[in-house]
$ cat run-v6.tsv   # TSV, C-alpha atoms and all ligand atoms
chain	number	residue	atom	x	y	z
L	1	MET	CA	-13.88	9.82	-1.21
L	2	ASN	CA	-13.36	7.20	1.48
L	3	MET	CA	-12.20	8.19	4.93
L	4	LEU	CA	-9.68	5.38	4.81
L	5	ASP	CA	-8.33	3.02	2.18
L	6	VAL	CA	-6.00	0.19	3.13
L	7	LYS	CA	-4.16	-1.19	0.11
L	8	ASN	CA	-2.15	-4.42	-0.12
L	9	LEU	CA	-1.12	-3.98	3.49
L	10	LYS	CA	1.54	-6.30	4.87
L	11	LYS	CA	3.26	-6.53	8.22
L	12	TYR	CA	5.88	-9.23	8.61
L	13	TYR	CA	7.72	-9.56	11.92
L	14	PRO	CA	11.14	-11.17	11.65
L	15	VAL	CA	11.77	-13.99	14.08
L	16	ASN	CA	15.02	-15.78	14.95
L	17	SER	CA	17.03	-12.92	13.58
L	18	GLY	CA	19.50	-12.86	16.48
L	19	PHE	CA	23.27	-13.07	16.28
L	20	LEU	CA	23.54	-16.79	17.04
L	21	TYR	CA	20.91	-17.50	14.49
L	22	SER	CA	22.76	-15.54	11.83
L	23	LEU	CA	25.91	-17.52	12.70
L	24	MET	CA	23.99	-20.65	11.85
L	25	LYS	CA	23.25	-19.02	8.50
L	26	LYS	CA	19.60	-19.83	8.62
L	27	GLU	CA	17.28	-17.73	6.58
L	28	THR	CA	15.23	-15.19	8.51
L	29	LYS	CA	11.69	-16.33	9.09
L	30	TYR	CA	8.68	-14.11	9.51
L	31	VAL	CA	5.39	-14.00	11.30
L	32	LYS	CA	3.04	-12.79	8.61
L	33	ALA	CA	0.81	-10.87	11.00
L	34	VAL	CA	-0.92	-9.01	8.16
L	35	ASP	CA	-0.54	-10.42	4.68
L	36	GLU	CA	-1.89	-8.36	1.77
L	37	ILE	CA	-5.16	-7.00	3.01
L	38	ASN	CA	-7.41	-4.43	1.35
L	39	PHE	CA	-10.40	-2.59	2.78
L	40	SER	CA	-12.01	0.84	3.01
L	41	ILE	CA	-13.95	2.81	5.58
L	42	GLY	CA	-16.53	5.27	4.28
L	43	GLU	CA	-17.41	8.51	6.01
L	44	GLY	CA	-19.41	7.80	9.17
L	45	GLU	CA	-19.09	4.06	8.70
L	46	ILE	CA	-18.31	1.58	11.48
L	47	ILE	CA	-16.30	-1.36	10.20
L	48	GLY	CA	-15.84	-4.45	12.34
L	49	LEU	CA	-12.59	-6.39	12.26
L	50	ALA	CA	-13.06	-9.85	13.73
L	51	GLY	CA	-11.13	-13.09	14.08
L	52	GLU	CA	-9.44	-15.21	16.72
L	53	SER	CA	-6.54	-13.98	18.77
L	54	GLY	CA	-3.42	-13.87	16.58
L	55	SER	CA	-5.24	-13.15	13.32
L	56	GLY	CA	-3.64	-9.70	12.89
L	57	LYS	CA	-6.40	-7.36	14.06
L	58	THR	CA	-4.39	-5.26	16.50
L	59	THR	CA	-1.48	-4.98	14.07
L	60	THR	CA	-3.88	-3.68	11.41
L	61	GLY	CA	-5.40	-1.13	13.81
L	62	GLU	CA	-2.01	0.10	14.93
L	63	ILE	CA	-0.81	0.56	11.38
L	64	VAL	CA	-3.97	2.53	10.52
L	65	THR	CA	-3.25	4.96	13.38
L	66	ARG	CA	0.47	4.99	12.53
L	67	LEU	CA	1.53	3.51	15.83
L	68	GLN	CA	3.34	0.95	13.66
L	69	GLU	CA	4.89	1.09	10.21
L	70	PRO	CA	3.80	-1.44	7.60
L	71	THR	CA	6.25	-3.76	5.86
L	72	SER	CA	4.58	-2.76	2.59
L	73	GLY	CA	1.31	-1.45	1.25
L	74	GLN	CA	-0.50	1.78	1.90
L	75	VAL	CA	-2.90	3.45	4.26
L	76	LEU	CA	-4.70	6.33	2.57
L	77	TYR	CA	-6.44	8.85	4.76
L	78	GLN	CA	-8.94	10.85	2.69
L	79	GLY	CA	-6.97	9.76	-0.34
L	80	GLN	CA	-3.58	10.76	1.02
L	81	ASP	CA	-0.82	8.28	1.82
L	82	THR	CA	-0.26	8.51	5.58
L	83	SER	CA	3.34	7.32	5.23
L	84	ASN	CA	4.12	10.68	3.60
L	85	PHE	CA	2.84	12.64	6.59
L	86	GLN	CA	5.56	14.50	8.45
L	87	GLY	CA	5.75	17.42	10.85
L	88	LYS	CA	2.59	19.49	10.80
L	89	GLU	CA	0.66	17.04	8.62
L	90	LEU	CA	1.52	14.13	10.88
L	91	LYS	CA	0.51	16.11	13.95
L	92	ASN	CA	-2.79	16.98	12.31
L	93	PHE	CA	-3.35	13.32	11.41
L	94	ARG	CA	-2.65	12.28	15.01
L	95	LYS	CA	-5.28	14.77	16.10
L	96	LEU	CA	-7.92	13.53	13.66
L	97	CYS	CA	-7.26	9.82	14.10
L	98	GLN	CA	-7.53	8.45	17.64
L	99	MET	CA	-7.31	5.04	19.23
L	100	ILE	CA	-9.09	3.42	22.17
L	101	PHE	CA	-7.61	0.33	23.78
L	102	GLN	CA	-8.91	-2.71	25.56
L	103	ASP	CA	-7.76	-1.91	29.06
L	104	PRO	CA	-8.67	1.62	30.17
L	105	TYR	CA	-6.71	1.14	33.38
L	106	GLU	CA	-3.51	0.77	31.41
L	107	THR	CA	-4.13	3.80	29.23
L	108	LEU	CA	-5.00	6.14	32.10
L	109	ASN	CA	-2.22	7.52	34.27
L	110	PRO	CA	-3.19	6.52	37.85
L	111	ARG	CA	-1.68	9.72	39.26
L	112	PHE	CA	-3.62	12.05	36.96
L	113	THR	CA	-7.08	13.35	37.75
L	114	ILE	CA	-9.70	12.75	35.09
L	115	ARG	CA	-9.52	16.43	34.20
L	116	ARG	CA	-5.78	16.27	33.65
L	117	THR	CA	-6.08	13.03	31.66
L	118	VAL	CA	-8.62	14.47	29.25
L	119	GLU	CA	-6.75	17.77	29.06
L	120	GLU	CA	-3.45	16.21	28.07
L	121	PRO	CA	-4.10	15.92	24.31
L	122	LEU	CA	-5.07	19.61	24.28
L	123	LEU	CA	-1.78	20.53	25.94
L	124	ILE	CA	0.15	18.39	23.46
L	125	HIS	CA	-1.64	20.07	20.57
L	126	GLY	CA	-0.92	23.56	21.81
L	127	TYR	CA	-4.26	24.79	23.15
L	128	LYS	CA	-2.96	27.72	25.17
L	129	ASP	CA	-6.11	29.23	26.64
L	130	PRO	CA	-6.89	27.54	30.02
L	131	GLU	CA	-10.53	28.55	29.87
L	132	GLN	CA	-10.96	27.08	26.40
L	133	ARG	CA	-9.23	23.90	27.58
L	134	TYR	CA	-11.53	23.66	30.58
L	135	GLU	CA	-14.61	24.03	28.39
L	136	LYS	CA	-13.36	21.41	25.92
L	137	VAL	CA	-12.50	18.96	28.72
L	138	LYS	CA	-15.89	19.44	30.32
L	139	ASP	CA	-17.65	19.03	26.99
L	140	ALA	CA	-15.73	15.85	26.11
L	141	ILE	CA	-16.47	14.27	29.50
L	142	GLU	CA	-20.16	15.05	29.10
L	143	ARG	CA	-20.21	13.74	25.53
L	144	ALA	CA	-18.76	10.53	26.97
L	145	GLU	CA	-21.89	10.53	29.15
L	146	LEU	CA	-20.22	11.15	32.47
L	147	ARG	CA	-22.60	13.78	33.73
L	148	PRO	CA	-22.27	16.24	35.29
L	149	ALA	CA	-18.63	16.48	34.27
L	150	GLU	CA	-17.69	18.39	37.44
L	151	LYS	CA	-18.52	15.30	39.47
L	152	TYR	CA	-15.72	13.36	37.75
L	153	MET	CA	-13.07	15.94	36.95
L	154	ASN	CA	-11.16	15.72	40.22
L	155	SER	CA	-11.45	11.95	40.59
L	156	PHE	CA	-8.63	9.51	39.98
L	157	PRO	CA	-8.99	6.40	37.78
L	158	HIS	CA	-9.08	4.00	40.76
L	159	GLU	CA	-12.13	5.78	42.10
L	160	LEU	CA	-14.16	4.91	38.99
L	161	SER	CA	-15.73	1.70	37.73
L	162	GLY	CA	-14.37	-0.12	34.66
L	163	GLY	CA	-17.12	1.29	32.47
L	164	GLN	CA	-16.52	4.83	33.72
L	165	ARG	CA	-12.79	4.48	33.11
L	166	GLN	CA	-13.43	3.40	29.51
L	167	ARG	CA	-15.68	6.47	29.14
L	168	VAL	CA	-12.81	8.63	30.39
L	169	ALA	CA	-10.55	7.03	27.76
L	170	ILE	CA	-13.24	7.84	25.18
L	171	ALA	CA	-13.49	11.45	26.43
L	172	ARG	CA	-9.75	11.75	26.03
L	173	ALA	CA	-9.98	10.33	22.51
L	174	ILE	CA	-12.74	12.72	21.41
L	175	VAL	CA	-11.51	15.92	23.06
L	176	LEU	CA	-9.64	16.91	19.87
L	177	ASP	CA	-12.72	16.20	17.70
L	178	PRO	CA	-11.25	13.37	15.64
L	179	ILE	CA	-12.99	12.05	12.54
L	180	LEU	CA	-11.53	8.55	12.57
L	181	MET	CA	-11.35	6.22	15.54
L	182	VAL	CA	-9.76	2.82	15.95
L	183	ALA	CA	-11.27	0.97	18.91
L	184	ASP	CA	-9.35	-2.21	19.78
L	185	GLU	CA	-11.51	-4.56	21.87
L	186	PRO	CA	-12.93	-1.55	23.77
L	187	VAL	CA	-15.48	-3.56	25.76
L	188	SER	CA	-13.69	-6.91	26.15
L	189	MET	CA	-12.54	-6.18	29.69
L	190	LEU	CA	-15.90	-4.82	30.77
L	191	ASP	CA	-18.66	-6.64	32.53
L	192	VAL	CA	-21.24	-7.94	30.05
L	193	SER	CA	-23.95	-5.87	31.72
L	194	ILE	CA	-22.29	-2.55	30.89
L	195	ARG	CA	-21.00	-3.36	27.40
L	196	ALA	CA	-24.15	-2.22	25.61
L	197	GLY	CA	-23.91	1.20	27.28
L	198	VAL	CA	-20.40	1.79	25.98
L	199	LEU	CA	-21.31	0.46	22.51
L	200	ASN	CA	-24.33	2.76	22.42
L	201	LEU	CA	-22.03	5.64	23.27
L	202	LEU	CA	-19.75	4.80	20.32
L	203	LYS	CA	-22.80	4.68	18.04
L	204	GLN	CA	-23.98	8.00	19.44
L	205	LEU	CA	-20.60	9.60	18.73
L	206	ARG	CA	-20.86	8.41	15.14
L	207	GLU	CA	-24.26	10.14	14.92
L	208	ASP	CA	-23.16	13.34	16.64
L	209	MET	CA	-19.65	13.76	15.24
L	210	GLY	CA	-19.90	11.79	11.99
L	211	LEU	CA	-17.05	9.67	13.31
L	212	SER	CA	-15.78	6.82	11.12
L	213	MET	CA	-14.60	3.81	13.06
L	214	LEU	CA	-12.58	0.63	12.85
L	215	TYR	CA	-14.01	-1.53	15.59
L	216	VAL	CA	-11.70	-4.43	16.41
L	217	SER	CA	-13.08	-7.37	18.36
L	218	HIS	CA	-12.95	-11.13	18.60
L	219	ASP	CA	-16.53	-10.97	19.85
L	220	LEU	CA	-19.06	-11.28	17.05
L	221	SER	CA	-22.04	-10.32	19.21
L	222	THR	CA	-20.60	-6.84	19.85
L	223	ILE	CA	-19.66	-6.57	16.16
L	224	LYS	CA	-23.22	-7.38	15.21
L	225	TYR	CA	-24.47	-4.74	17.61
L	226	ILE	CA	-22.45	-1.86	16.26
L	227	CYS	CA	-20.88	-2.47	12.83
L	228	ASP	CA	-22.23	-1.64	9.36
L	229	ARG	CA	-19.79	-3.92	7.60
L	230	THR	CA	-17.61	-6.68	8.94
L	231	ILE	CA	-14.25	-8.10	7.98
L	232	ILE	CA	-13.23	-11.57	9.16
L	233	MET	CA	-9.48	-12.15	9.39
L	234	TYR	CA	-7.65	-15.43	9.65
L	235	LEU	CA	-3.85	-15.66	9.97
L	236	GLY	CA	-3.21	-12.26	8.42
L	237	ARG	CA	-5.70	-12.60	5.58
L	238	ILE	CA	-9.25	-11.41	5.03
L	239	VAL	CA	-11.37	-14.52	4.54
L	240	GLU	CA	-14.80	-12.93	4.41
L	241	THR	CA	-16.21	-9.41	4.29
L	242	GLY	CA	-19.55	-7.79	3.67
L	243	PRO	CA	-22.55	-6.13	5.31
L	244	THR	CA	-22.58	-7.26	8.95
L	245	ASN	CA	-25.99	-8.90	8.70
L	246	ASP	CA	-24.91	-10.96	5.68
L	247	VAL	CA	-21.60	-12.01	7.18
L	248	ILE	CA	-22.92	-12.91	10.63
L	249	ASP	CA	-26.36	-14.27	9.75
L	250	ASN	CA	-25.38	-15.97	6.50
L	251	PRO	CA	-21.65	-16.64	6.65
L	252	VAL	CA	-20.32	-18.46	3.60
L	253	HIS	CA	-16.71	-19.12	4.62
L	254	PRO	CA	-16.20	-22.29	6.71
L	255	TYR	CA	-14.03	-20.27	9.09
L	256	THR	CA	-16.72	-17.65	9.73
L	257	GLN	CA	-19.26	-20.44	10.13
L	258	ALA	CA	-17.01	-22.11	12.70
L	259	LEU	CA	-16.48	-18.85	14.57
L	260	ILE	CA	-20.21	-18.26	14.76
L	261	SER	CA	-21.03	-21.78	15.87
L	262	SER	CA	-18.40	-21.54	18.61
L	263	VAL	CA	-19.62	-18.34	20.25
L	264	PRO	CA	-22.94	-17.77	21.90
L	265	VAL	CA	-24.56	-15.04	19.83
L	266	PRO	CA	-27.67	-13.70	21.54
L	267	ASP	CA	-29.92	-14.13	18.57
L	268	PRO	CA	-32.53	-16.88	18.50
L	269	ASP	CA	-32.77	-16.73	14.72
L	270	MET	CA	-29.10	-17.48	14.26
L	271	ASP	CA	-28.28	-20.51	12.19
L	272	ARG	CA	-25.78	-22.39	14.32
L	273	GLU	CA	-25.02	-25.10	11.81
L	274	GLY	CA	-21.45	-24.29	11.05
L	275	ALA	CA	-18.26	-26.19	10.76
L	276	ASP	CA	-16.54	-26.81	14.06
L	277	ILE	CA	-13.02	-25.57	14.48
L	278	GLU	CA	-11.24	-28.81	15.14
L	279	GLU	CA	-7.58	-28.01	15.46
L	280	GLU	CA	-5.56	-25.37	17.21
L	281	LEU	CA	-4.34	-22.30	15.33
L	282	PRO	CA	-1.48	-23.58	13.13
L	283	ASP	CA	2.13	-22.50	13.38
L	284	GLN	CA	2.21	-18.83	12.42
L	285	ILE	CA	5.67	-19.07	10.90
L	286	ASP	CA	5.30	-22.16	8.74
L	287	LEU	CA	1.88	-21.46	7.34
L	288	PRO	CA	-0.11	-24.24	5.67
L	289	SER	CA	0.15	-24.52	1.88
L	290	GLY	CA	-2.82	-23.44	-0.21
L	291	CYS	CA	-5.70	-22.18	1.92
L	292	ARG	CA	-4.42	-21.29	5.40
L	293	PHE	CA	-7.57	-22.68	6.97
L	294	TRP	CA	-7.52	-26.15	5.42
L	295	PRO	CA	-5.94	-28.03	8.38
L	296	ARG	CA	-8.86	-26.96	10.56
L	297	CYS	CA	-11.61	-27.07	7.95
L	298	ASN	CA	-13.92	-30.07	7.93
L	299	LYS	CA	-14.79	-29.40	4.28
L	300	ALA	CA	-11.27	-29.20	2.93
L	301	THR	CA	-10.44	-31.08	-0.27
L	302	GLU	CA	-7.10	-31.92	-1.88
L	303	GLU	CA	-7.46	-28.80	-4.02
L	304	CYS	CA	-7.70	-26.63	-0.88
L	305	LYS	CA	-4.21	-27.78	0.14
L	306	GLU	CA	-2.80	-26.45	-3.10
L	307	THR	CA	-4.83	-23.40	-4.05
L	308	ASP	CA	-4.45	-20.12	-2.22
L	309	PRO	CA	-7.99	-18.75	-2.49
L	310	GLU	CA	-8.74	-15.18	-3.55
L	311	LEU	CA	-11.63	-13.07	-2.33
L	312	ARG	CA	-14.55	-13.51	-4.71
L	313	GLN	CA	-17.94	-11.82	-4.64
L	314	VAL	CA	-20.73	-14.11	-3.48
L	315	LYS	CA	-23.42	-11.46	-3.25
L	316	GLU	CA	-23.58	-7.68	-3.65
L	317	GLY	CA	-20.77	-6.34	-1.45
L	318	HIS	CA	-20.18	-9.72	0.20
L	319	TYR	CA	-16.88	-11.46	-0.55
L	320	ALA	CA	-15.24	-14.67	0.63
L	321	ALA	CA	-11.97	-16.47	-0.02
L	322	CYS	CA	-12.87	-20.14	-0.35
L	323	ILE	CA	-12.63	-22.18	-3.53
L	324	LEU	CA	-15.49	-24.45	-2.43
L	325	ILE	CA	-18.09	-21.71	-2.52
L	326	GLY	CA	-20.38	-22.08	-5.49
L	327	LYS	CA	-19.04	-25.51	-6.35
L	328	GLU	CA	-21.64	-28.04	-7.37
L	329	GLY	CA	-22.66	-30.51	-4.70
L	330	ASP	CA	-21.10	-28.49	-1.95
L	331	SER	CA	-22.39	-25.48	-0.17
L	332	PRO	CA	-20.12	-24.28	2.62
C	1	LIG	P1	-4.82	-10.07	17.13
C	1	LIG	O1	-4.98	-8.66	17.56
C	1	LIG	O2	-5.78	-10.49	16.07
C	1	LIG	O3	-4.83	-11.02	18.28
C	1	LIG	P2	-2.07	-9.35	16.54
C	1	LIG	O4	-2.12	-8.32	15.48
C	1	LIG	O5	-1.85	-8.90	17.92
C	1	LIG	O6	-3.39	-10.24	16.44
C	1	LIG	O7	-0.93	-10.40	16.19
C	1	LIG	C1	-0.86	-11.09	14.95
C	1	LIG	C2	0.37	-11.98	14.96
C	1	LIG	O8	1.55	-11.18	14.94
C	1	LIG	C3	0.51	-12.89	16.17
C	1	LIG	O9	1.05	-14.10	15.75
C	1	LIG	C4	1.45	-12.14	17.06
C	1	LIG	O10	2.16	-13.05	17.88
C	1	LIG	C5	2.37	-11.50	16.04
C	1	LIG	N1	2.95	-10.24	16.56
C	1	LIG	C6	2.28	-9.13	16.93
C	1	LIG	N2	3.10	-8.15	17.32
C	1	LIG	C7	4.37	-8.66	17.17
C	1	LIG	C8	5.69	-8.14	17.38
C	1	LIG	N3	5.88	-6.89	17.82
C	1	LIG	N4	6.74	-8.96	17.11
C	1	LIG	C9	6.54	-10.21	16.66
C	1	LIG	N5	5.35	-10.75	16.42
C	1	LIG	C10	4.28	-10.00	16.67
C	2	MG	MG	-5.50	-7.89	19.47
$ encode --input "run-v6.tsv" --output "structure tokens" --more "lines below"
Ligand code: ADP
Ligand code: MG
Amino acid sequence: MNMLDVKNLKKYYPVNSGFLYSLMKKETKYVKAVDEINFSIGEGEIIGLAGESGSGKTTTGEIVTRLQEPTSGQVLYQGQDTSNFQGKELKNFRKLCQMIFQDPYETLNPRFTIRRTVEEPLLIHGYKDPEQRYEKVKDAIERAELRPAEKYMNSFPHELSGGQRQRVAIARAIVLDPILMVADEPVSMLDVSIRAGVLNLLKQLREDMGLSMLYVSHDLSTIKYICDRTIIMYLGRIVETGPTNDVIDNPVHPYTQALISSVPVPDPDMDREGADIEEELPDQIDLPSGCRFWPRCNKATEECKETDPELRQVKEGHYAACILIGKEGDSP
């Protein structure tokens, strides 16, 4: 059984739904932040979710952890629909599924010591024995590779470096021994020189705890470093997905190719011959007809403007949504 199954997930945000607008009797419009996506995370698997800003990555992550409700579709956690979780079950789910955010400084209370910060989830979840709490806090801080833990426990966030603060956020996220983690751009704010250390820690936690992870990032080089499989999103849709090495080294969708050619990926073997992204991200409310990427795609044909492409398998486990793939005389 999968750790997580996301089925036909949609999140539409209404816009212009104010009073004046309703007086003008205009129909409500929506930002289709997530528009019918499907994916799974196996036990101990790290799945990368990539795409430009605005593609729907954070919304997806927040729905998975139930910080947001979907418009429709399902999130199954070990086969069970998370929208049915209430009371005790919901509390248990919140314990087992944790989230790490981009900016550790925002997630850490500046007035709390590190010890108090990491202890808080234990207090919320009713761990009554102070000695047991102390041991768990100490253990979590050390598992986050802040050693010895005693050195950090009485510090405040401002006394630590950015990397150390993100490790504190990680300690806080693992103190309840979760089995699923959503990490939303966890190293984007960190100096390039310390990113690998934090990514190695996440990999280590997968080894030690069997943690499954949804790793959200716009940065393909960190995705390549840590993820088993990768999903590329564009304007609320999945455009390409497969084993990370296939998707990043041999992308087949013009959008993925453009993403890869536009970022410096530290890999000398990388084929940089992709399409260039020529236009800005289109209007998110009035989406283009047919394929959402056509206005920016240098390979688009008339058919692309009319046909909404479905994900099709291009290789074992590797799927892409582009009608041009496999067409004679063209090889996106
Ligand atoms: P990403 O994380 O890939 O940058 P997001 O999931 O944050 O993308 O956002 C996807 C789209 O949904 C964007 O167009 C964003 O402006 C819109 N959006 C996100 N949250 C809200 C909200 N609470 N209300 C309205 N629109 C939102
Ligand atoms: Mg985001």
$ residues_near_ligand --input "run-v6.tsv" --ligand "ligand LIG 1 (chain C)" --cutoff "9 Å" --atoms "all atoms listed in the file" --output "count of residues only"
36
$ residues_around --input "run-v6.tsv" --residues "Lys95 (chain L)" --least-positions-apart "2" --cutoff "12 Å" --atoms "only C-alpha atoms" --output "list in words"
Thr65, Arg66, Lys88, Glu89, Leu90, Lys91, Asn92, Phe93, Cys97, Gln98, Met99, Pro121, Leu122, Leu123, Ile124, His125, Gly126, Arg172, Ala173, Ile174, Val175, Leu176, Asp177, Pro178, Ile179, Leu180 and Met181 of chain L
$ residues_around --input "run-v6.tsv" --residues "Gly48 (chain L)" --least-positions-apart "3" --cutoff "9 Å" --atoms "all atoms listed in the file" --output "NGL selection string"
:L and (213-217 or 220 or 223-224 or 226-232 or 244)
$ write_last_selection --input "run-v6.tsv" --atoms "C-alpha atoms" --output "mmCIF file, in the frame of the given file"
data_model
loop_
_atom_site.group_PDB
_atom_site.id
_atom_site.type_symbol
_atom_site.label_atom_id
_atom_site.label_comp_id
_atom_site.auth_asym_id
_atom_site.auth_seq_id
_atom_site.Cartn_x
_atom_site.Cartn_y
_atom_site.Cartn_z
ATOM 1 C CA MET L 213 -14.600 3.810 13.060
ATOM 2 C CA LEU L 214 -12.580 0.630 12.850
ATOM 3 C CA TYR L 215 -14.010 -1.530 15.590
ATOM 4 C CA VAL L 216 -11.700 -4.430 16.410
ATOM 5 C CA SER L 217 -13.080 -7.370 18.360
ATOM 6 C CA LEU L 220 -19.060 -11.280 17.050
ATOM 7 C CA ILE L 223 -19.660 -6.570 16.160
ATOM 8 C CA LYS L 224 -23.220 -7.380 15.210
ATOM 9 C CA ILE L 226 -22.450 -1.860 16.260
ATOM 10 C CA CYS L 227 -20.880 -2.470 12.830
ATOM 11 C CA ASP L 228 -22.230 -1.640 9.360
ATOM 12 C CA ARG L 229 -19.790 -3.920 7.600
ATOM 13 C CA THR L 230 -17.610 -6.680 8.940
ATOM 14 C CA ILE L 231 -14.250 -8.100 7.980
ATOM 15 C CA ILE L 232 -13.230 -11.570 9.160
ATOM 16 C CA THR L 244 -22.580 -7.260 8.950
#
$ closest_residue --input "run-v6.tsv" --among "L:Val314, L:Val252, L:Asp219, L:Asp139" --to "ligand MG 2 (chain C)" --atoms "only C-alpha atoms and all ligand atoms"
L:Asp219
$ residues_around --input "run-v6.tsv" --residues "Leu202 (chain L)" --least-positions-apart "2" --cutoff "12 Å" --atoms "only C-alpha atoms" --output "ChimeraX atom specification"
/L:44-46,100,143-145,166-167,170-171,173-174,180-183,186-187,195-200,204-215,222,225-227
